[in-house]
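First comes the structure, then the notes that go with it.
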Amino acid sequence: MNHVLAPGMEGTAPEFAAQEGLLSWVASVDHKQIGIMYLLGAFVFFGVGGIEALLMRVQLALPNNHFLSPDTFNQLFTMHGTTMIFLVLMPMLTGLTVYLVPLMIGARDMAFPRLNALSFWIQIFGGIVLYFSFFDGGAPNAGWFSYTPLSEKTFSSLPGQDYWLLGLFAIGIGTVAGAINVIVTVIDLRAPGMSLRRLPLFVWMGFVNSWLMVMALPILNGALVMLLIDRELNAHFFTPEAGGSVILWQHYFWAFGHPEVYIMILPAFGIISEVIPTFSGKPIFGYGFVAASTVAIAFLSLSVWAHHMFAVGLGHLWDVFFGASSMAIAVPTGVKIFNWTATMYGGRLRFTTSMMFAVAFLVMFTIGGLSGVSFAVVPLDWQLTDTYYLVAHLHYVLFGGTVFALFAGIYYWFPKITGRMLSEHWGKLNFWSTFIGFNMTFLIQHLLGMMGMPRRVWTYPALPYWGSFNLLSTIGAFVLLFSMLVFIWNVFISLHEGALAGDNPWGGWTLEWATSSPPPTDNFDRVPPISGRRPLWDLAHPELADELVGRAE
Amino acid sequence: MSRSKLGVSLFILSEANFFVILIIAYVYYHTIPAGGPSAASSLDPWRTGAFSICLFASSATLLLAERNLRRDRHRAHFCWLVITILLGAIFLVGQGNEYARLITGGVTWSRNLFGTTFFTLTGFHGLHVFGGLCALAIMATVALTAEMTDRRREAFAAVGMYWHFVDAVWVAIFAIVYLWAFV
C-alpha cells in the first residue's frame with residue numbers, strides 16, 4: 001500500500017503545542033481546535049439568539065400584549081437576525097469547514113494556521129462588540145439590514161448602531177481572512193492524487209463559498225464604513241436632506257446580502273452531499289452536476305440582489321431583470337435536490353439521526369425554495385413582502401435548510417471530532433421535536449403573512465385567527481426550545497457515556513475517516529492512496545474500486 | 001504560484017471589491033452635482049499629478065529592488081527599497097498638504113457629497129499607502145539585518161504585489177477624481 005506523506009506545515013511545528021489547559025485552546029493554531037472553538041462560540045450565540053426569538057414569540061403569543069415595550073422588541077429582532085446570521089450560521093459552517101477541509105484533502109493543517117486563529121478571534125470580538133451595545137444605551141434597533149435613513153444619526157442617535165457597524169466590520173474582516181485561507185488550502189495543500197475532480201463535495205462547496213465571501217463581504221464592509229462615516233463625521237452618503245441616496249444603501253446591502261444567503265446555504269449543501277451518500281450506501285448521483293451547479297449558483301447569486309427591493313419601485317425593466325434572474329437561480333438549486341433524491345433512490349438507506357435531519361432538510365429546503373420563487377414574481381412580492389410570509393420563507397431556508405443540515409453534519413461528524421457517538425435514542429427525540437417544533441412555529445406564519453400580518457411590529461389587534469395562529473407559533477417555539485435542550489443533554493451525556501466511535505463508525509469513504517477519532521495533532525502519518533472520489537472504499541474493496549476519475553497530478 | 005502570493009492575490013481581490021464600492025459611490029454622486037464645492041472647483045490636478053508621479057515611480061523602483069533581490073545584490077536591493085519608501089512618503093505628504101488646503105478652504109467631510117465621497121475614497125487609499133509603507137519598512141529592516149531565506153523571499157514578493165496594487169488603485173482614482181472633473 002503506497003501511503004504518502006500529508007502536505008502542509010513543513011518546518012513550522014506549532015510553537016504552542018506544549019501549552020496545556022485553557023491556554024492550549026486560546027493560543028492554538030491547530031485547525032481542529034479552532035474549528036471546535038468556532039462551533040462552540042456559535043452555539044453560545046445560538047442560545048442567545050434563541051432566547052431573543054423566544055422573548056419575541058412570548059410577546060406575540062396574544063393580541064395587544066404588553067410583555068415587551070416596542071423599543072425592546074425592535075432591539076430584539078435586530079439582534080436576533082444579526083446574531084443568527086453573523087454569529088451563528090456563518091461561524092458554525094466556517095467551523096465545520098475549517099475542521100474538515102484539511103482532513104478531507106489529506107493535509108496537516110490550513111495553509112495559514114496563524115491567520116486561521118486570527119480569523120476566529122476577530123469574529124468572536126466582533127460579536128462581543130456587537131453585544132456590548134446592551135451596556136451602552138441599548139442594542140441597535142434598525143433591523144438586521146439597517147436601512148437608511150432610519151439607521152442614520154438623525155433617527156438612531158444612540159451608539160447601538162455604531163456598535164452594530166463596528167462589530168459587523170470586524171466580523172467581515174475575519175470572514176474574508178478565513179475564506180482566503182480555505183481557498184489557498186484547497187488549491188495548495190491537497191494530498192498527492194487529490195485532484196479537483198476528486199475533491200469531496202463538502203470541500204467543493206466550502207471552496208466555492210469562500211470565493212463568494214471574498215467577493216461579497218467587502219461590499220458590506222464598504223457600505224458599513226460609509227454609514228459609520230455618515231454617523232461619526234456628519235457625512236452625507238445616505239442622508240437624503242443633503243442629497244444622499246437611501247436607495248444606494250439598499251443596493252449595497254443586498255449586493256452583499258443576497259450572496260450572503262448562499263454563503264449560509266452552500267456549505268449546508270456540502271454537508272448534505274456527504275451525509276446522504278454515506279447513509280444511502282451509494283456514491284453521489286451526478287457529482288459533476290452538484291459541483292458545477294454550485295459554481296452556477298455562486299455566479300447567479302451576485303446578480304439577483306434587487307429582488308429584495310421590488311417594493312422600492314425601481315422601474316419595470318429592473319423588476320423584470322431581477323425577477324427573471326431570481327427564478328433562474330432556482331434551476332441549479334433544483335438540480336441539486338434531484339441529485340440528492342436520485343442518490344437515495346435504490347440505495348440501502350440507514351435512517352440514523354444524521355440521515356433523518358438530511359432528509360428533512362430536503363423537504364424543508366424545498367418548501368423554502370418554492371416560497372422563495374414565489375417572491376421572484378414581482379406582484380406577489382409587492383403583496384407579501386414585509387409580512388410573516390417572508391419570515392416563514394427565510395426560516396424555511398435558513399432553519400429548515402441550514403440548521404437542519406448543520407444538525408445532520410454534527411450528528412455525522414461528532415464521533416470524528418470527539419471520539420464518541422451521540423446517542424441515537426436522544427438523537428431521535430432531538431430530531432422529532434425539532435421537526436415538529438419548527439413546522440409548528442413557521443408553517444402557520446405563511447398564512448398569517450397572507451392574511452396581512454406585518455413583520456417587525458411589536459403587537460397586533462385581535463383580528464380573526466391572528467391570536468390563535470400566533471399562539472400556535474409560540475407553542476412551536478417552545479417545542480424548539482425543548483429540542484435544543486435535548487440536544488445539549490445528548491452532547492453532555494454522550495461525551496461521558498457515549499459509545500466509542502472508532503476510526504470510521506458510519507463506513508464513510510472520505511479521508512477524514514482514515515485517521516483516528518479524534519485525529520492526532522498532525523491529522524495523518526500517511527494518507528491512503530487516492531485514485532478516485534472514495535479513497536476508503538477503494539482501499540477496502542480493491543476488486544470493486546471506483547472507476548478511475550481523472551489522472552493523478 | 002507560491003502559497004503566500006496566492007493568499008495576497010486573494011486579499012487584493014477583496015480589497016479591489018472594497019474600492020469598487022467606494023468608487024461607485026463617488027461616481028454616482030459626481031453625476032448628480034450638488035451645490036457647493038466640486039472636484040472641478042477645488043482640486044488641483046497638476047499639483048496632485050506631480051505627487052502621483054512619485055507614487056507611480058515607486059512601483060518602478062520597487063521592481064528594481066525586486067530584480068536586485070533575485071540577483072542577490074542585497075545592498076542595491078536595500079537602497080531601492082529605501083527610495084521606494086521615500087517616494088511613497090512624499091506622496092502621503094502631498095496628500096496631507098492637499099487635505100490641509102481643502103479643509104482650511106472649507107471643503108470638509110460634512111460640507112457636501114463631493115467632500116464626503118472625495119475624502120472617503122482618497123482617505124482609504126491613503127490608509128492603504130500608509131499600511132504598505134509600514135510593510136515596506138519592515139522589509140527594509142529585514143533586508144538590512146536578517147539572512148535572506150526562501151520564506152523571506154516569498155514574503156517580499158507578497159508585499160511587493162500589494163504595493164503595486166495600491167499604485168494601480170491610484171491610477172483609477174486619479175483618472176476618475178482628478179482627470180474626469182476637467183474633461
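All residue names refer to the C-alpha cells as shown: chains lettered A, B, ... in order, residues numbered from 1 in each chain, ligands numbered from 1 in order.
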Contacts of range 14-30 of chain B at 7 Å or less, counting only C-alpha atoms, minus same-chain residues fewer than 3 places along, as a CSV table (one decimal) with C-alpha atoms, in the first residue's frame?
chain,number,residue,atom,x,y,z
A,214,VAL,CA,-14.2,37.2,-0.9
A,215,MET,CA,-16.5,38.8,-3.5
A,218,PRO,CA,-16.0,43.6,1.0
A,219,ILE,CA,-19.2,45.1,-0.4
A,222,GLY,CA,-17.5,49.3,2.2
B,10,LEU,CA,-7.0,36.9,-2.9
B,11,PHE,CA,-6.5,39.6,-0.4
B,33,PRO,CA,-24.0,67.7,-9.0
B,113,LEU,CA,-21.5,65.0,-1.1
B,117,THR,CA,-17.1,60.9,-1.3
B,118,PHE,CA,-13.7,62.5,-2.1
B,121,LEU,CA,-12.2,57.4,-1.4
Near Phe182 in chain B, within 12 Å and counting only C-alpha atoms, which residues show up once chain neighbours fewer than 3 positions away are dropped, as JSON, numbers by chain? {"B": [38, 39, 40, 41, 42, 43, 44, 45, 46, 174, 175, 176, 177, 178, 179]}
Find the spatial neighbours of range 71-77 of chain B, counting only C-alpha atoms, within a cut-off of 9 Å - ignore same-chain residues fewer than 4 positions away - and output them as an MDAnalysis selection string. chainID B and resid 62 64:67 81:82 140 143:144 148
So which residues of range 76-218 of chain A fall under alpha helix (DSSP H) by DSSP, listed as number ranges by chain? A: 76-82, 90-104, 113-132, 160-188, 201-218
Can you check which parts of chain A lie within 10 Å of chain B? Per residue, the shortest pair of atoms and distance in Å to one decimal, counting only C-alpha atoms, sorted by chain and number, as a Markdown table.
| residue | atom | partner | partner_atom | distance |
| --- | --- | --- | --- | --- |
| A:Ala111 | CA | B:Arg3 | CA | 7.4 |
| A:Phe112 | CA | B:Ser4 | CA | 8.8 |
| A:Ile173 | CA | B:Ser14 | CA | 9.9 |
| A:Val176 | CA | B:Ser14 | CA | 7.6 |
| A:Ala177 | CA | B:Phe11 | CA | 7.8 |
| A:Ala179 | CA | B:Leu10 | CA | 9.2 |
| A:Ile180 | CA | B:Leu10 | CA | 6.1 |
| A:Asn181 | CA | B:Gly7 | CA | 7.2 |
| A:Val182 | CA | B:Gly7 | CA | 9.8 |
| A:Ile183 | CA | B:Gly7 | CA | 8.3 |
| A:Val184 | CA | B:Gly7 | CA | 6.2 |
| A:Thr185 | CA | B:Arg3 | CA | 8.6 |
| A:Ile187 | CA | B:Arg3 | CA | 8.9 |
| A:Asp188 | CA | B:Arg3 | CA | 6.7 |
| A:Leu189 | CA | B:Arg3 | CA | 9.2 |
| A:Trp211 | CA | B:Leu10 | CA | 8.9 |
| A:Met213 | CA | B:Ser14 | CA | 8.8 |
| A:Val214 | CA | B:Ser14 | CA | 5.3 |
| A:Met215 | CA | B:Ser14 | CA | 6.2 |
| A:Ala216 | CA | B:Asn17 | CA | 8.1 |
| A:Leu217 | CA | B:Ser14 | CA | 8.0 |
| A:Pro218 | CA | B:Phe18 | CA | 4.9 |
| A:Ile219 | CA | B:Phe18 | CA | 5.8 |
| A:Leu220 | CA | B:Phe18 | CA | 8.5 |
| A:Asn221 | CA | B:Phe18 | CA | 7.1 |
| A:Gly222 | CA | B:Phe18 | CA | 5.5 |
| A:Ala223 | CA | B:Ile21 | CA | 7.5 |
| A:Val225 | CA | B:Thr120 | CA | 9.0 |
| A:Met226 | CA | B:Thr120 | CA | 7.8 |
| A:Ile229 | CA | B:Thr120 | CA | 8.2 |
| A:Asp230 | CA | B:Thr116 | CA | 8.3 |
| A:Leu233 | CA | B:Ser110 | CA | 6.6 |
| A:Asn234 | CA | B:Ser110 | CA | 5.2 |
| A:Ala235 | CA | B:Ser110 | CA | 4.4 |
| A:His236 | CA | B:Leu113 | CA | 5.9 |
| A:Phe237 | CA | B:Leu113 | CA | 6.9 |
| A:Phe238 | CA | B:Leu113 | CA | 9.7 |
| A:Thr239 | CA | B:Leu113 | CA | 9.7 |
| A:Ala242 | CA | B:Asn112 | CA | 6.9 |
| A:Gly243 | CA | B:Ala34 | CA | 7.1 |
| A:Gly244 | CA | B:Leu113 | CA | 7.2 |
| A:Ser245 | CA | B:Tyr29 | CA | 8.9 |
| A:Leu248 | CA | B:Ala25 | CA | 8.2 |
| A:Trp249 | CA | B:Ala25 | CA | 9.9 |
| A:Tyr252 | CA | B:Ile21 | CA | 7.9 |
Kindly export the residues of the current selection with C-alpha atoms, as an mmCIF file, in the first residue's frame.
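As written to disk, part04.cif reads:
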data_model
loop_
_atom_site.group_PDB
_atom_site.id
_atom_site.type_symbol
_atom_site.label_atom_id
_atom_site.label_comp_id
_atom_site.auth_asym_id
_atom_site.auth_seq_id
_atom_site.Cartn_x
_atom_site.Cartn_y
_atom_site.Cartn_z
ATOM 1 C CA ALA A 111 -2.398 26.961 4.604
ATOM 2 C CA PHE A 112 -2.024 29.806 7.127
ATOM 3 C CA ILE A 173 -12.627 41.109 8.035
ATOM 4 C CA VAL A 176 -12.672 37.311 4.390
ATOM 5 C CA ALA A 177 -9.418 36.213 6.046
ATOM 6 C CA ALA A 179 -12.203 32.475 3.218
ATOM 7 C CA ILE A 180 -8.781 33.309 1.738
ATOM 8 C CA ASN A 181 -7.294 30.635 3.980
ATOM 9 C CA VAL A 182 -9.748 27.984 2.776
ATOM 10 C CA ILE A 183 -9.153 28.806 -0.905
ATOM 11 C CA VAL A 184 -5.359 28.651 -0.576
ATOM 12 C CA THR A 185 -5.617 25.434 1.457
ATOM 13 C CA ILE A 187 -5.505 24.921 -4.044
ATOM 14 C CA ASP A 188 -2.154 24.343 -2.392
ATOM 15 C CA LEU A 189 -2.399 21.560 0.194
ATOM 16 C CA TRP A 211 -14.854 32.761 -3.327
ATOM 17 C CA MET A 213 -17.209 35.502 0.627
ATOM 18 C CA VAL A 214 -14.174 37.207 -0.924
ATOM 19 C CA MET A 215 -16.482 38.824 -3.480
ATOM 20 C CA ALA A 216 -19.410 39.758 -1.231
ATOM 21 C CA LEU A 217 -18.110 40.660 2.238
ATOM 22 C CA PRO A 218 -16.018 43.630 1.030
ATOM 23 C CA ILE A 219 -19.220 45.140 -0.370
ATOM 24 C CA LEU A 220 -20.739 45.012 3.105
ATOM 25 C CA ASN A 221 -17.575 46.412 4.652
ATOM 26 C CA GLY A 222 -17.531 49.282 2.169
ATOM 27 C CA ALA A 223 -21.149 50.127 2.944
ATOM 28 C CA VAL A 225 -17.665 52.306 6.700
ATOM 29 C CA MET A 226 -19.745 54.755 4.654
ATOM 30 C CA ILE A 229 -18.555 57.969 8.372
ATOM 31 C CA ASP A 230 -22.042 59.406 7.943
ATOM 32 C CA LEU A 233 -18.260 62.669 10.750
ATOM 33 C CA ASN A 234 -21.632 64.075 9.720
ATOM 34 C CA ALA A 235 -21.067 62.993 6.138
ATOM 35 C CA HIS A 236 -23.886 62.528 3.630
ATOM 36 C CA PHE A 237 -23.652 59.198 1.810
ATOM 37 C CA PHE A 238 -27.142 58.126 2.795
ATOM 38 C CA THR A 239 -28.749 61.293 4.185
ATOM 39 C CA ALA A 242 -28.071 66.643 1.791
ATOM 40 C CA GLY A 243 -28.704 64.798 -1.480
ATOM 41 C CA GLY A 244 -27.585 61.355 -0.302
ATOM 42 C CA SER A 245 -29.435 58.318 -1.578
ATOM 43 C CA LEU A 248 -27.875 53.307 -2.637
ATOM 44 C CA TRP A 249 -27.592 51.742 0.820
ATOM 45 C CA TYR A 252 -25.042 47.972 -1.437
#
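Pairwise distance (CA of Gly270 in chain A, CA of Leu118 in chain A) equals 24.9 Å.
Distance check against Val171 in chain B using only C-alpha atoms: of B:Thr104, B:Thr122, B:Thr61, B:Gln95, the minimum falls on B:Thr122.
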Rounded to one decimal place, report the CA of Ser151 in chain A-CA of Gln250 in chain A distance in Å. 12.0 Å
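We find CA of Phe285 in chain A and CA of Gly532 in chain A to be spaced 14.8 Å apart.
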Could you pull out the strand (DSSP E or B) residues of range 300-513 of chain A, going by DSSP on the backbone, and write them as JSON, numbers by chain? {"A": [387, 420, 454, 500]}
Determine the nearest neighbour of Asn74 in chain A from the options A:Met90, A:Val457, A:Met484, A:Leu539, counting only C-alpha atoms. A:Val457
